[in-house]
Each structure stands twice: as C-alpha cells, then as structure tokens.
file model_19.pdb (PDB, C-alpha atoms, pLDDT in the B column)
ATOM      1  CA  MET S1265     107.017 119.935  94.116  1.00 94.00           C
ATOM      2  CA  THR S1266     106.398 117.469  91.313  1.00 97.00           C
ATOM      3  CA  GLY S1267     103.652 114.912  91.646  1.00 97.00           C
ATOM      4  CA  LYS S1268     106.225 112.206  92.294  1.00 97.00           C
ATOM      5  CA  ASP S1269     107.949 114.353  94.925  1.00 97.00           C
ATOM      6  CA  ARG S1270     104.623 114.990  96.614  1.00 97.00           C
ATOM      7  CA  ILE S1271     103.667 111.311  96.846  1.00 97.00           C
ATOM      8  CA  ASP S1272     107.162 110.253  97.912  1.00 97.00           C
ATOM      9  CA  ALA S1273     107.060 112.851 100.689  1.00 97.00           C
ATOM     10  CA  VAL S1274     103.714 111.618 101.985  1.00 96.00           C
ATOM     11  CA  VAL S1275     104.919 108.003 101.973  1.00 93.00           C
ATOM     12  CA  HIS S1276     107.970 108.975 104.017  1.00 96.00           C
ATOM     13  CA  GLY S1277     106.093 111.259 106.423  1.00 97.00           C
ATOM     14  CA  LYS S1278     107.609 114.479 105.130  1.00 97.00           C
ATOM     15  CA  PRO S1279     105.798 117.804 104.638  1.00 97.00           C
ATOM     16  CA  VAL S1280     104.090 118.596 101.337  1.00 97.00           C
ATOM     17  CA  ASP S1281     102.709 121.727  99.751  1.00 97.00           C
ATOM     18  CA  ARG S1282      99.285 120.065  99.334  1.00 96.00           C
ATOM     19  CA  ALA S1283      97.679 116.652  99.516  1.00 96.00           C
ATOM     20  CA  PRO S1284      98.484 114.449  96.504  1.00 97.00           C
ATOM     21  CA  ILE S1285      95.706 113.932  93.956  1.00 97.00           C
ATOM     22  CA  THR S1286      95.503 110.288  92.858  1.00 96.00           C
ATOM     23  CA  PRO S1287      92.053 109.504  91.415  1.00 95.00           C
ATOM     24  CA  ILE S1288      91.386 106.168  89.742  1.00 95.00           C
ATOM     25  CA  VAL S1289      90.198 106.992  86.229  1.00 96.00           C
ATOM     26  CA  MET S1290      89.908 104.342  83.546  1.00 98.00           C
ATOM     27  CA  ALA S1291      86.953 104.434  81.130  1.00 98.00           C
ATOM     28  CA  TRP S1292      86.605 108.161  81.874  1.00 98.00           C
ATOM     29  CA  ALA S1293      90.230 108.746  80.899  1.00 98.00           C
ATOM     30  CA  ALA S1294      89.745 106.755  77.711  1.00 98.00           C
ATOM     31  CA  HIS S1295      86.720 108.841  76.759  1.00 98.00           C
ATOM     32  CA  TYR S1296      88.648 112.028  77.576  1.00 98.00           C
ATOM     33  CA  ILE S1297      90.996 111.290  74.666  1.00 98.00           C
ATOM     34  CA  GLY S1298      88.234 109.960  72.417  1.00 98.00           C
ATOM     35  CA  ALA S1299      89.018 106.252  72.834  1.00 98.00           C
ATOM     36  CA  THR S1300      86.826 103.315  73.843  1.00 98.00           C
ATOM     37  CA  TYR S1301      87.278 101.597  77.165  1.00 98.00           C
ATOM     38  CA  ARG S1302      88.129  98.422  75.238  1.00 98.00           C
ATOM     39  CA  ALA S1303      90.992 100.178  73.462  1.00 98.00           C
ATOM     40  CA  TYR S1304      92.157 101.518  76.816  1.00 98.00           C
ATOM     41  CA  TYR S1305      92.576  98.148  78.495  1.00 98.00           C
ATOM     42  CA  LEU S1306      93.800  96.209  75.447  1.00 98.00           C
ATOM     43  CA  ASP S1307      96.357  98.715  74.084  1.00 98.00           C
ATOM     44  CA  HIS S1308      99.038 100.038  76.427  1.00 98.00           C
ATOM     45  CA  SER S1309      99.678 103.095  74.228  1.00 98.00           C
ATOM     46  CA  VAL S1310      96.045 104.205  74.558  1.00 98.00           C
ATOM     47  CA  LEU S1311      96.079 103.611  78.300  1.00 98.00           C
ATOM     48  CA  ALA S1312      99.306 105.562  78.779  1.00 98.00           C
ATOM     49  CA  GLU S1313      98.141 108.470  76.630  1.00 98.00           C
ATOM     50  CA  ALA S1314      94.801 108.642  78.424  1.00 98.00           C
ATOM     51  CA  GLN S1315      96.414 108.573  81.863  1.00 98.00           C
ATOM     52  CA  ILE S1316      99.046 111.152  81.061  1.00 98.00           C
ATOM     53  CA  LYS S1317      96.731 113.616  79.324  1.00 98.00           C
ATOM     54  CA  THR S1318      94.134 113.328  82.084  1.00 98.00           C
ATOM     55  CA  ALA S1319      96.738 113.846  84.804  1.00 98.00           C
ATOM     56  CA  GLN S1320      98.216 116.858  83.045  1.00 97.00           C
ATOM     57  CA  ALA S1321      94.833 118.434  82.350  1.00 98.00           C
ATOM     58  CA  PHE S1322      93.479 118.060  85.867  1.00 97.00           C
ATOM     59  CA  GLY S1323      96.603 118.422  87.989  1.00 97.00           C
ATOM     60  CA  CYS S1324      96.840 114.824  89.161  1.00 98.00           C
ATOM     61  CA  ASP S1325     100.039 113.632  90.799  1.00 98.00           C
ATOM     62  CA  GLN S1326      99.941 110.033  89.662  1.00 98.00           C
ATOM     63  CA  VAL S1327      99.302 107.913  86.584  1.00 98.00           C
ATOM     64  CA  SER S1328      98.214 104.311  86.967  1.00 98.00           C
ATOM     65  CA  VAL S1329      98.016 101.166  84.850  1.00 98.00           C
ATOM     66  CA  ILE S1330      94.906  99.827  86.595  1.00 97.00           C
ATOM     67  CA  SER S1331      92.521  98.892  83.814  1.00 97.00           C
ATOM     68  CA  ASP S1332      90.515  95.698  84.308  1.00 97.00           C
ATOM     69  CA  PRO S1333      90.713  92.524  86.441  1.00 96.00           C
ATOM     70  CA  TRP S1334      91.486  90.039  83.694  1.00 98.00           C
ATOM     71  CA  ARG S1335      95.184  90.334  82.867  1.00 98.00           C
ATOM     72  CA  GLU S1336      96.372  87.543  85.155  1.00 98.00           C
ATOM     73  CA  ALA S1337      93.282  85.441  84.414  1.00 98.00           C
ATOM     74  CA  SER S1338      93.993  85.593  80.697  1.00 98.00           C
ATOM     75  CA  ALA S1339      97.540  84.388  81.350  1.00 98.00           C
ATOM     76  CA  TYR S1340      96.198  81.267  83.055  1.00 98.00           C
ATOM     77  CA  GLY S1341      94.125  80.576  79.931  1.00 97.00           C
ATOM     78  CA  MET S1342      90.715  82.061  80.722  1.00 98.00           C
ATOM     79  CA  GLN S1343      88.832  83.262  77.627  1.00 98.00           C
ATOM     80  CA  PHE S1344      86.865  86.519  77.271  1.00 98.00           C
ATOM     81  CA  ASP S1345      84.720  88.618  75.006  1.00 98.00           C
ATOM     82  CA  TYR S1346      85.794  92.263  75.080  1.00 97.00           C
ATOM     83  CA  PRO S1347      82.933  94.750  74.478  1.00 97.00           C
ATOM     84  CA  ASP S1348      83.731  98.324  73.500  1.00 97.00           C
ATOM     85  CA  GLU S1349      82.485  99.895  76.718  1.00 97.00           C
ATOM     86  CA  SER S1350      82.712  97.198  79.355  1.00 96.00           C
ATOM     87  CA  VAL S1351      85.323  95.094  81.060  1.00 95.00           C
ATOM     88  CA  GLY S1352      85.854  91.703  79.477  1.00 97.00           C
ATOM     89  CA  ILE S1353      83.088  89.147  79.872  1.00 97.00           C
ATOM     90  CA  PRO S1354      84.287  85.616  80.731  1.00 97.00           C
ATOM     91  CA  LYS S1355      83.171  82.980  78.263  1.00 97.00           C
ATOM     92  CA  ASP S1356      83.116  80.428  81.076  1.00 97.00           C
ATOM     93  CA  GLU S1357      84.440  79.822  84.563  1.00 97.00           C
ATOM     94  CA  PHE S1358      88.055  78.702  84.462  1.00 98.00           C
ATOM     95  CA  ILE S1359      87.913  76.612  87.634  1.00 98.00           C
ATOM     96  CA  LYS S1360      84.794  74.452  87.576  1.00 97.00           C
ATOM     97  CA  THR S1361      85.925  71.400  89.545  1.00 97.00           C
ATOM     98  CA  PRO S1362      88.833  70.496  91.849  1.00 97.00           C
ATOM     99  CA  ASP S1363      90.568  68.898  88.861  1.00 98.00           C
ATOM    100  CA  ASP S1364      90.807  72.323  87.226  1.00 98.00           C
ATOM    101  CA  LEU S1365      93.060  73.563  90.021  1.00 98.00           C
ATOM    102  CA  ALA S1366      95.931  71.840  88.229  1.00 97.00           C
ATOM    103  CA  LYS S1367      95.683  74.581  85.580  1.00 97.00           C
ATOM    104  CA  ILE S1368      96.901  77.151  88.133  1.00 98.00           C
ATOM    105  CA  ARG S1369     100.650  77.283  87.610  1.00 97.00           C
ATOM    106  CA  LEU S1370     103.582  79.635  87.853  1.00 97.00           C
ATOM    107  CA  LEU S1371     103.351  82.057  84.940  1.00 97.00           C
ATOM    108  CA  ASP S1372     105.890  83.326  82.462  1.00 96.00           C
ATOM    109  CA  ILE S1373     105.049  87.022  82.802  1.00 94.00           C
ATOM    110  CA  GLY S1374     106.725  88.030  79.552  1.00 92.00           C
ATOM    111  CA  ALA S1375     104.917  85.340  77.580  1.00 95.00           C
ATOM    112  CA  SER S1376     101.447  86.596  78.526  1.00 96.00           C
ATOM    113  CA  ALA S1377     100.242  89.208  76.041  1.00 97.00           C
ATOM    114  CA  ARG S1378      97.996  91.024  78.487  1.00 98.00           C
ATOM    115  CA  MET S1379     100.468  91.010  81.380  1.00 98.00           C
ATOM    116  CA  LYS S1380     103.245  92.198  79.083  1.00 98.00           C
ATOM    117  CA  ASP S1381     100.928  94.938  77.790  1.00 98.00           C
ATOM    118  CA  ARG S1382     100.651  96.324  81.342  1.00 98.00           C
ATOM    119  CA  ILE S1383     104.423  96.290  81.715  1.00 98.00           C
ATOM    120  CA  ASP S1384     104.700  98.094  78.383  1.00 98.00           C
ATOM    121  CA  ALA S1385     102.263 100.713  79.685  1.00 98.00           C
ATOM    122  CA  VAL S1386     104.544 101.361  82.658  1.00 98.00           C
ATOM    123  CA  LYS S1387     107.545 101.708  80.346  1.00 98.00           C
ATOM    124  CA  TRP S1388     105.640 104.136  78.098  1.00 98.00           C
ATOM    125  CA  MET S1389     104.622 106.218  81.094  1.00 98.00           C
ATOM    126  CA  LYS S1390     108.131 106.296  82.532  1.00 98.00           C
ATOM    127  CA  LYS S1391     109.573 107.414  79.212  1.00 98.00           C
ATOM    128  CA  SER S1392     106.904 110.108  78.862  1.00 98.00           C
ATOM    129  CA  VAL S1393     106.669 111.569  82.386  1.00 98.00           C
ATOM    130  CA  GLY S1394     110.072 110.730  83.850  1.00 97.00           C
ATOM    131  CA  ASP S1395     110.053 111.761  87.490  1.00 95.00           C
ATOM    132  CA  THR S1396     107.346 114.432  87.165  1.00 97.00           C
ATOM    133  CA  LEU S1397     104.476 112.080  88.057  1.00 98.00           C
ATOM    134  CA  SER S1398     104.322 109.014  90.258  1.00 98.00           C
ATOM    135  CA  ILE S1399     103.564 105.774  88.391  1.00 98.00           C
ATOM    136  CA  SER S1400     101.391 103.145  90.018  1.00 98.00           C
ATOM    137  CA  GLY S1401     101.431  99.533  88.878  1.00 98.00           C
ATOM    138  CA  TRP S1402      98.653  97.048  89.628  1.00 98.00           C
ATOM    139  CA  VAL S1403      98.109  93.370  90.457  1.00 98.00           C
ATOM    140  CA  GLU S1404      95.147  91.283  91.561  1.00 98.00           C
ATOM    141  CA  GLY S1405      95.113  90.075  95.169  1.00 97.00           C
ATOM    142  CA  PRO S1406      94.733  86.367  96.038  1.00 97.00           C
ATOM    143  CA  ILE S1407      91.023  86.092  96.827  1.00 98.00           C
ATOM    144  CA  ALA S1408      90.126  88.475  93.992  1.00 98.00           C
ATOM    145  CA  GLU S1409      92.133  86.412  91.509  1.00 98.00           C
ATOM    146  CA  TYR S1410      90.624  83.158  92.778  1.00 98.00           C
ATOM    147  CA  SER S1411      87.164  84.741  92.430  1.00 98.00           C
ATOM    148  CA  ASP S1412      88.021  85.856  88.900  1.00 98.00           C
ATOM    149  CA  LEU S1413      88.892  82.294  87.941  1.00 98.00           C
ATOM    150  CA  ARG S1414      86.248  80.467  89.944  1.00 98.00           C
ATOM    151  CA  GLY S1415      83.363  82.966  89.954  1.00 97.00           C
ATOM    152  CA  VAL S1416      82.647  85.107  93.004  1.00 97.00           C
ATOM    153  CA  GLN S1417      79.743  83.044  94.366  1.00 97.00           C
ATOM    154  CA  ASN S1418      81.617  79.772  93.993  1.00 98.00           C
ATOM    155  CA  ALA S1419      84.753  81.257  95.554  1.00 98.00           C
ATOM    156  CA  LEU S1420      82.847  82.450  98.616  1.00 97.00           C
ATOM    157  CA  LEU S1421      81.156  79.074  99.050  1.00 97.00           C
ATOM    158  CA  ASP S1422      84.506  77.335  98.687  1.00 98.00           C
ATOM    159  CA  LEU S1423      85.908  79.200 101.689  1.00 97.00           C
ATOM    160  CA  ILE S1424      83.026  77.833 103.764  1.00 96.00           C
ATOM    161  CA  GLU S1425      82.573  74.348 102.336  1.00 97.00           C
ATOM    162  CA  THR S1426      85.861  73.330 100.651  1.00 98.00           C
ATOM    163  CA  PRO S1427      88.533  75.843 101.711  1.00 97.00           C
ATOM    164  CA  GLN S1428      91.292  73.508 100.555  1.00 98.00           C
ATOM    165  CA  MET S1429      90.395  74.450  96.986  1.00 98.00           C
ATOM    166  CA  PHE S1430      91.535  78.007  97.655  1.00 98.00           C
ATOM    167  CA  THR S1431      94.442  77.164  99.931  1.00 97.00           C
ATOM    168  CA  SER S1432      95.861  74.656  97.445  1.00 98.00           C
ATOM    169  CA  VAL S1433      96.477  77.395  94.879  1.00 98.00           C
ATOM    170  CA  ALA S1434      96.721  80.540  97.023  1.00 97.00           C
ATOM    171  CA  ASP S1435     100.508  80.490  97.240  1.00 96.00           C
ATOM    172  CA  ILE S1436     100.854  80.166  93.468  1.00 97.00           C
ATOM    173  CA  LEU S1437      98.454  83.073  92.937  1.00 97.00           C
ATOM    174  CA  VAL S1438     100.515  85.209  95.299  1.00 96.00           C
ATOM    175  CA  GLN S1439     103.837  84.211  93.730  1.00 96.00           C
ATOM    176  CA  ASN S1440     102.533  85.208  90.308  1.00 97.00           C
ATOM    177  CA  ALA S1441     101.270  88.524  91.687  1.00 97.00           C
ATOM    178  CA  GLU S1442     104.649  89.171  93.266  1.00 96.00           C
ATOM    179  CA  GLN S1443     106.513  88.474  90.040  1.00 97.00           C
ATOM    180  CA  PHE S1444     104.077  90.653  88.086  1.00 98.00           C
ATOM    181  CA  ALA S1445     104.586  93.460  90.590  1.00 97.00           C
ATOM    182  CA  LEU S1446     108.365  93.175  90.428  1.00 97.00           C
ATOM    183  CA  ALA S1447     108.264  93.274  86.619  1.00 98.00           C
ATOM    184  CA  GLN S1448     106.284  96.505  86.769  1.00 98.00           C
ATOM    185  CA  ILE S1449     108.683  98.004  89.297  1.00 98.00           C
ATOM    186  CA  ALA S1450     111.599  97.086  87.028  1.00 98.00           C
ATOM    187  CA  ALA S1451     109.777  98.853  84.187  1.00 98.00           C
ATOM    188  CA  GLY S1452     109.466 102.061  86.224  1.00 98.00           C
ATOM    189  CA  ALA S1453     106.500 101.778  88.596  1.00 98.00           C
ATOM    190  CA  ASP S1454     106.966 103.628  91.897  1.00 97.00           C
ATOM    191  CA  THR S1455     104.168 101.869  93.762  1.00 96.00           C
ATOM    192  CA  ILE S1456     101.978  98.810  93.246  1.00 96.00           C
ATOM    193  CA  GLY S1457      98.242  98.760  93.900  1.00 96.00           C
ATOM    194  CA  VAL S1458      96.690  95.442  94.916  1.00 96.00           C
ATOM    195  CA  GLY S1459      93.056  94.863  93.988  1.00 95.00           C
ATOM    196  CA  ASP S1460      91.468  92.471  96.483  1.00 97.00           C
ATOM    197  CA  ALA S1461      88.000  93.897  97.004  1.00 95.00           C
ATOM    198  CA  ALA S1462      86.567  90.372  97.228  1.00 96.00           C
ATOM    199  CA  ALA S1463      88.143  90.188 100.684  1.00 96.00           C
ATOM    200  CA  SER S1464      85.448  92.609 101.876  1.00 96.00           C
ATOM    201  CA  LEU S1465      82.767  89.990 101.136  1.00 96.00           C
ATOM    202  CA  ILE S1466      83.958  87.134 103.331  1.00 95.00           C
ATOM    203  CA  GLY S1467      83.659  88.422 106.911  1.00 93.00           C
ATOM    204  CA  PRO S1468      86.323  88.893 109.591  1.00 96.00           C
ATOM    205  CA  ALA S1469      86.728  85.246 110.605  1.00 96.00           C
ATOM    206  CA  LEU S1470      87.285  83.869 107.110  1.00 96.00           C
ATOM    207  CA  TYR S1471      89.478  86.824 106.214  1.00 96.00           C
ATOM    208  CA  GLU S1472      91.690  86.334 109.258  1.00 96.00           C
ATOM    209  CA  GLN S1473      92.015  82.605 108.615  1.00 96.00           C
ATOM    210  CA  PHE S1474      92.533  82.451 104.872  1.00 96.00           C
ATOM    211  CA  VAL S1475      93.428  85.861 103.405  1.00 96.00           C
ATOM    212  CA  PHE S1476      95.069  88.022 106.063  1.00 95.00           C
ATOM    213  CA  PRO S1477      98.180  85.780 106.226  1.00 94.00           C
ATOM    214  CA  LEU S1478      98.610  86.278 102.475  1.00 94.00           C
ATOM    215  CA  HIS S1479      98.214  90.037 102.780  1.00 92.00           C
ATOM    216  CA  LYS S1480     100.501  90.286 105.790  1.00 86.00           C
ATOM    217  CA  ILE S1481     103.515  88.246 104.726  1.00 64.00           C
ATOM    218  CA  GLY S1482     102.824  87.601 101.061  1.00 49.00           C
ATOM    219  CA  ARG S1483     102.788  83.817 101.202  1.00 51.00           C
ATOM    220  CA  ALA S1484     100.399  81.203 102.561  1.00 44.00           C
ATOM    221  CA  SER S1485     103.339  79.152 103.803  1.00 43.00           C
TER     222      SER S1485
END

call {"tool": "encode", "arguments": {"input": "model_19.pdb", "output": "structure tokens"}}
result
Amino acid sequence: MTGKDRIDAVVHGKPVDRAPITPIVMAWAAHYIGATYRAYYLDHSVLAEAQIKTAQAFGCDQVSVISDPWREASAYGMQFDYPDESVGIPKDEFIKTPDDLAKIRLLDIGASARMKDRIDAVKWMKKSVGDTLSISGWVEGPIAEYSDLRGVQNALLDLIETPQMFTSVADILVQNAEQFALAQIAAGADTIGVGDAAASLIGPALYEQFVFPLHKIGRAS
C-alpha cells in the first residue's frame, strides 16, 4: 500500500497492512535538509522539500504544510519579526480595543503572500509525490486565531468578561478558515488539520458555549 492508500483506508474503516505514520515535523525537517526553520515557514519550496525528504527517509505516510500559526494573522495585517530558529514574533497585538475588531474582514486568500505560500506548498507536494503520500493542509481554528490576534491572555479574559468581542468576529474567522481550507484542497490536499489548541485552555463550560458550536457545524450562526 502507498502512504495515501494506507491513510485513506483507515479513514474509511478498511484494513491496512500497518498503522499509518504521520508525525508532525517542522523545524526538525528543516534541519534535516540543512535549512533554517525561518526558511522552512517562509519559503514553500523549502517546506515541501523538507517534508518530502523526511517522509521518504523515515517511511512516513503523510506530508504536511503545518509550519507556524501566523499565516492567517499576517493576512489580516499583523506584523512580525521572523528569527532564524523560532516562529515569528508579533511586533504588537493586532486587536487591542473593541474598535480594532473592525479590522477582521473576509480575506482574499490569493492576495495574502503567506496564505498563498501555503497553497503553493501543497501544489509542490502534489506535483512531487502524486498519490504516493497523503498531503495534509492546515488552518487555524477560531479561538486559536482570535488568540493569535488578541494575545492568549486577553482572549481568555474576553471570553469571561466581554465574550461579545470574540463572538462578533468568530464567524468571519471561521469563514476565512473554510476558504483557506478549500483552496488547499483544490491545490491537492487530501485532509485539513485544524490547529485550535487554545480551546484546551478555556474549560468545558466556555468551550461548550462559545467554541464547540463553531467546531461542530463550522459557523457561529
């Protein structure tokens, strides 16, 4: 079985010759091909090469375009410094006051350099591996993206003290994630990972009220 066959079989409940191997490797993959982590997440050709060579060397069944949490944030207009061996460092919080929520808008995916770079990575992978390996795309989930833009501490306090700040933009965040996911699928991604680890910080009650509806049906409304 190919890696793609193996993962497709598991998804559809069919037998496989062995469990699929799908590790998340990012900076490690970059270093494996002699590149910096910065080059990995800013240059789709480096990311694709690192993923493919790592998968081939270690028998992985999947390549992934997960790289850093800032692609969508940069499209909204957030500014970063990009060190060689670290994820980007925000120059400032993007959402400081309720007035800043107006900056959260529907995005033109193709007009964002960093979002387009991820789509280009998927295309590069598809051209290189065909159907031999599964390709996983990636988007940020709603509370993770809000935390990226607002700062994690502020985002968590907002859900307790001023939840309308999150709810007023949550649907737009999800719509942008959906469009980003669909663009990656059109480019050749077989699956889409959703990074929303911030949801683990808010407790069951807040999660059920504010985030679970977004995860379950995809839209706040």

call {"tool": "closest_residue", "arguments": {"input": "model_19.pdb", "among": "S:Ala1319, S:Leu1365, S:Leu1413, S:Ala1299", "to": "Pro1333 (chain S)", "atoms": "all atoms listed in the file"}}
result
S:Leu1413

call {"tool": "resolve_selection", "arguments": {"input": "model_19.pdb", "expression": "the PyMOL selection byres ((chain S and resi 1323-1329) around 9)", "output": "NGL selection string"}}
result
:S and (1266-1271 or 1284-1290 or 1305 or 1308 or 1311-1312 or 1315-1316 or 1318-1322 or 1330-1331 or 1382-1383 or 1385-1386 or 1389 or 1396-1402 or 1453 or 1457)

call {"tool": "resolve_selection", "arguments": {"input": "model_19.pdb", "expression": "the PyMOL selection byres ((chain S and resi 1356) around 8)", "output": "ChimeraX atom specification"}}
result
/S:1342-1343,1354-1355,1357-1358

call {"tool": "resolve_selection", "arguments": {"input": "model_19.pdb", "expression": "the PyMOL selection byres ((chain S and resi 1335) around 10)", "output": "short mmCIF file (atom, residue, chain, number, x, y, z; two decimals) with C-alpha atoms, in the frame of the given file"}}
result
data_model
loop_
_atom_site.label_atom_id
_atom_site.label_comp_id
_atom_site.auth_asym_id
_atom_site.auth_seq_id
_atom_site.Cartn_x
_atom_site.Cartn_y
_atom_site.Cartn_z
CA TYR S 1305 92.58 98.15 78.50
CA LEU S 1306 93.80 96.21 75.45
CA SER S 1331 92.52 98.89 83.81
CA ASP S 1332 90.52 95.70 84.31
CA PRO S 1333 90.71 92.52 86.44
CA TRP S 1334 91.49 90.04 83.69
CA GLU S 1336 96.37 87.54 85.16
CA ALA S 1337 93.28 85.44 84.41
CA SER S 1338 93.99 85.59 80.70
CA ALA S 1339 97.54 84.39 81.35
CA TYR S 1340 96.20 81.27 83.06
CA MET S 1342 90.72 82.06 80.72
CA SER S 1376 101.45 86.60 78.53
CA ALA S 1377 100.24 89.21 76.04
CA ARG S 1378 98.00 91.02 78.49
CA MET S 1379 100.47 91.01 81.38
CA LYS S 1380 103.24 92.20 79.08
CA ASP S 1381 100.93 94.94 77.79
CA ARG S 1382 100.65 96.32 81.34
CA VAL S 1403 98.11 93.37 90.46
CA GLU S 1404 95.15 91.28 91.56
CA GLU S 1409 92.13 86.41 91.51
#

call {"tool": "residues_around", "arguments": {"input": "model_19.pdb", "residues": "Phe1430 (chain S)", "least_positions_apart": "4", "cutoff": "10 Å", "atoms": "all atoms listed in the file", "output": "list in words"}}
result
Pro1362, Leu1365, Pro1406, Ile1407, Tyr1410, Ser1411, Arg1414, Ala1419, Leu1420, Asp1422, Leu1423, Thr1426, Ala1434, Asp1435, Leu1437, Phe1474 and Val1475 of chain S

call {"tool": "closest_residue", "arguments": {"input": "model_19.pdb", "among": "S:Ile1373, S:Ala1469, S:Ala1462, S:Ala1314", "to": "Ala1447 (chain S)", "atoms": "only C-alpha atoms"}}
result
S:Ile1373

call {"tool": "build_atoms", "arguments": {"input": "model_19.pdb", "residues": "region 1435-1460 of chain S", "atoms": "N, CA and C atoms", "output": "short mmCIF file (atom, residue, chain, number, x, y, z; two decimals), keeping the file's coordinate frame"}}
result
data_model
loop_
_atom_site.label_atom_id
_atom_site.label_comp_id
_atom_site.auth_asym_id
_atom_site.auth_seq_id
_atom_site.Cartn_x
_atom_site.Cartn_y
_atom_site.Cartn_z
N ASP S 1435 99.10 80.11 97.27
CA ASP S 1435 100.51 80.49 97.24
C ASP S 1435 100.98 80.75 95.81
N ILE S 1436 100.48 79.95 94.87
CA ILE S 1436 100.85 80.17 93.47
C ILE S 1436 100.29 81.50 92.97
N LEU S 1437 99.05 81.80 93.34
CA LEU S 1437 98.45 83.07 92.94
C LEU S 1437 99.28 84.24 93.46
N VAL S 1438 99.73 84.13 94.70
CA VAL S 1438 100.52 85.21 95.30
C VAL S 1438 101.89 85.30 94.64
N GLN S 1439 102.52 84.17 94.39
CA GLN S 1439 103.84 84.21 93.73
C GLN S 1439 103.74 84.88 92.36
N ASN S 1440 102.70 84.57 91.62
CA ASN S 1440 102.53 85.21 90.31
C ASN S 1440 102.29 86.70 90.45
N ALA S 1441 101.50 87.09 91.45
CA ALA S 1441 101.27 88.52 91.69
C ALA S 1441 102.57 89.23 92.05
N GLU S 1442 103.37 88.58 92.87
CA GLU S 1442 104.65 89.17 93.27
C GLU S 1442 105.56 89.37 92.05
N GLN S 1443 105.65 88.36 91.21
CA GLN S 1443 106.51 88.47 90.04
C GLN S 1443 106.00 89.53 89.07
N PHE S 1444 104.68 89.63 88.95
CA PHE S 1444 104.08 90.65 88.09
C PHE S 1444 104.37 92.04 88.65
N ALA S 1445 104.28 92.18 89.95
CA ALA S 1445 104.59 93.46 90.59
C ALA S 1445 106.05 93.84 90.39
N LEU S 1446 106.94 92.89 90.59
CA LEU S 1446 108.36 93.18 90.43
C LEU S 1446 108.71 93.56 88.99
N ALA S 1447 108.03 92.93 88.03
CA ALA S 1447 108.26 93.27 86.62
C ALA S 1447 107.82 94.71 86.34
N GLN S 1448 106.74 95.13 86.96
CA GLN S 1448 106.28 96.50 86.77
C GLN S 1448 107.21 97.50 87.45
N ILE S 1449 107.72 97.14 88.62
CA ILE S 1449 108.68 98.00 89.30
C ILE S 1449 109.95 98.14 88.45
N ALA S 1450 110.41 97.03 87.89
CA ALA S 1450 111.60 97.09 87.03
C ALA S 1450 111.37 97.96 85.80
N ALA S 1451 110.12 98.03 85.36
CA ALA S 1451 109.78 98.85 84.19
C ALA S 1451 109.63 100.33 84.53
N GLY S 1452 109.55 100.66 85.84
CA GLY S 1452 109.47 102.06 86.22
C GLY S 1452 108.37 102.43 87.19
N ALA S 1453 107.57 101.46 87.64
CA ALA S 1453 106.50 101.78 88.60
C ALA S 1453 107.09 102.16 89.95
N ASP S 1454 106.52 103.19 90.58
CA ASP S 1454 106.97 103.63 91.90
C ASP S 1454 106.23 102.90 93.02
N THR S 1455 104.98 102.57 92.78
CA THR S 1455 104.17 101.87 93.76
C THR S 1455 103.35 100.80 93.04
N ILE S 1456 102.82 99.86 93.80
CA ILE S 1456 101.98 98.81 93.25
C ILE S 1456 100.66 98.78 94.02
N GLY S 1457 99.56 98.94 93.29
CA GLY S 1457 98.24 98.76 93.90
C GLY S 1457 97.86 97.29 93.84
N VAL S 1458 97.15 96.83 94.86
CA VAL S 1458 96.69 95.44 94.92
C VAL S 1458 95.17 95.45 95.02
N GLY S 1459 94.51 94.91 93.99
CA GLY S 1459 93.06 94.86 93.99
C GLY S 1459 92.56 93.57 94.62
N ASP S 1460 91.99 93.66 95.81
CA ASP S 1460 91.47 92.47 96.48
C ASP S 1460 90.14 92.80 97.17
#
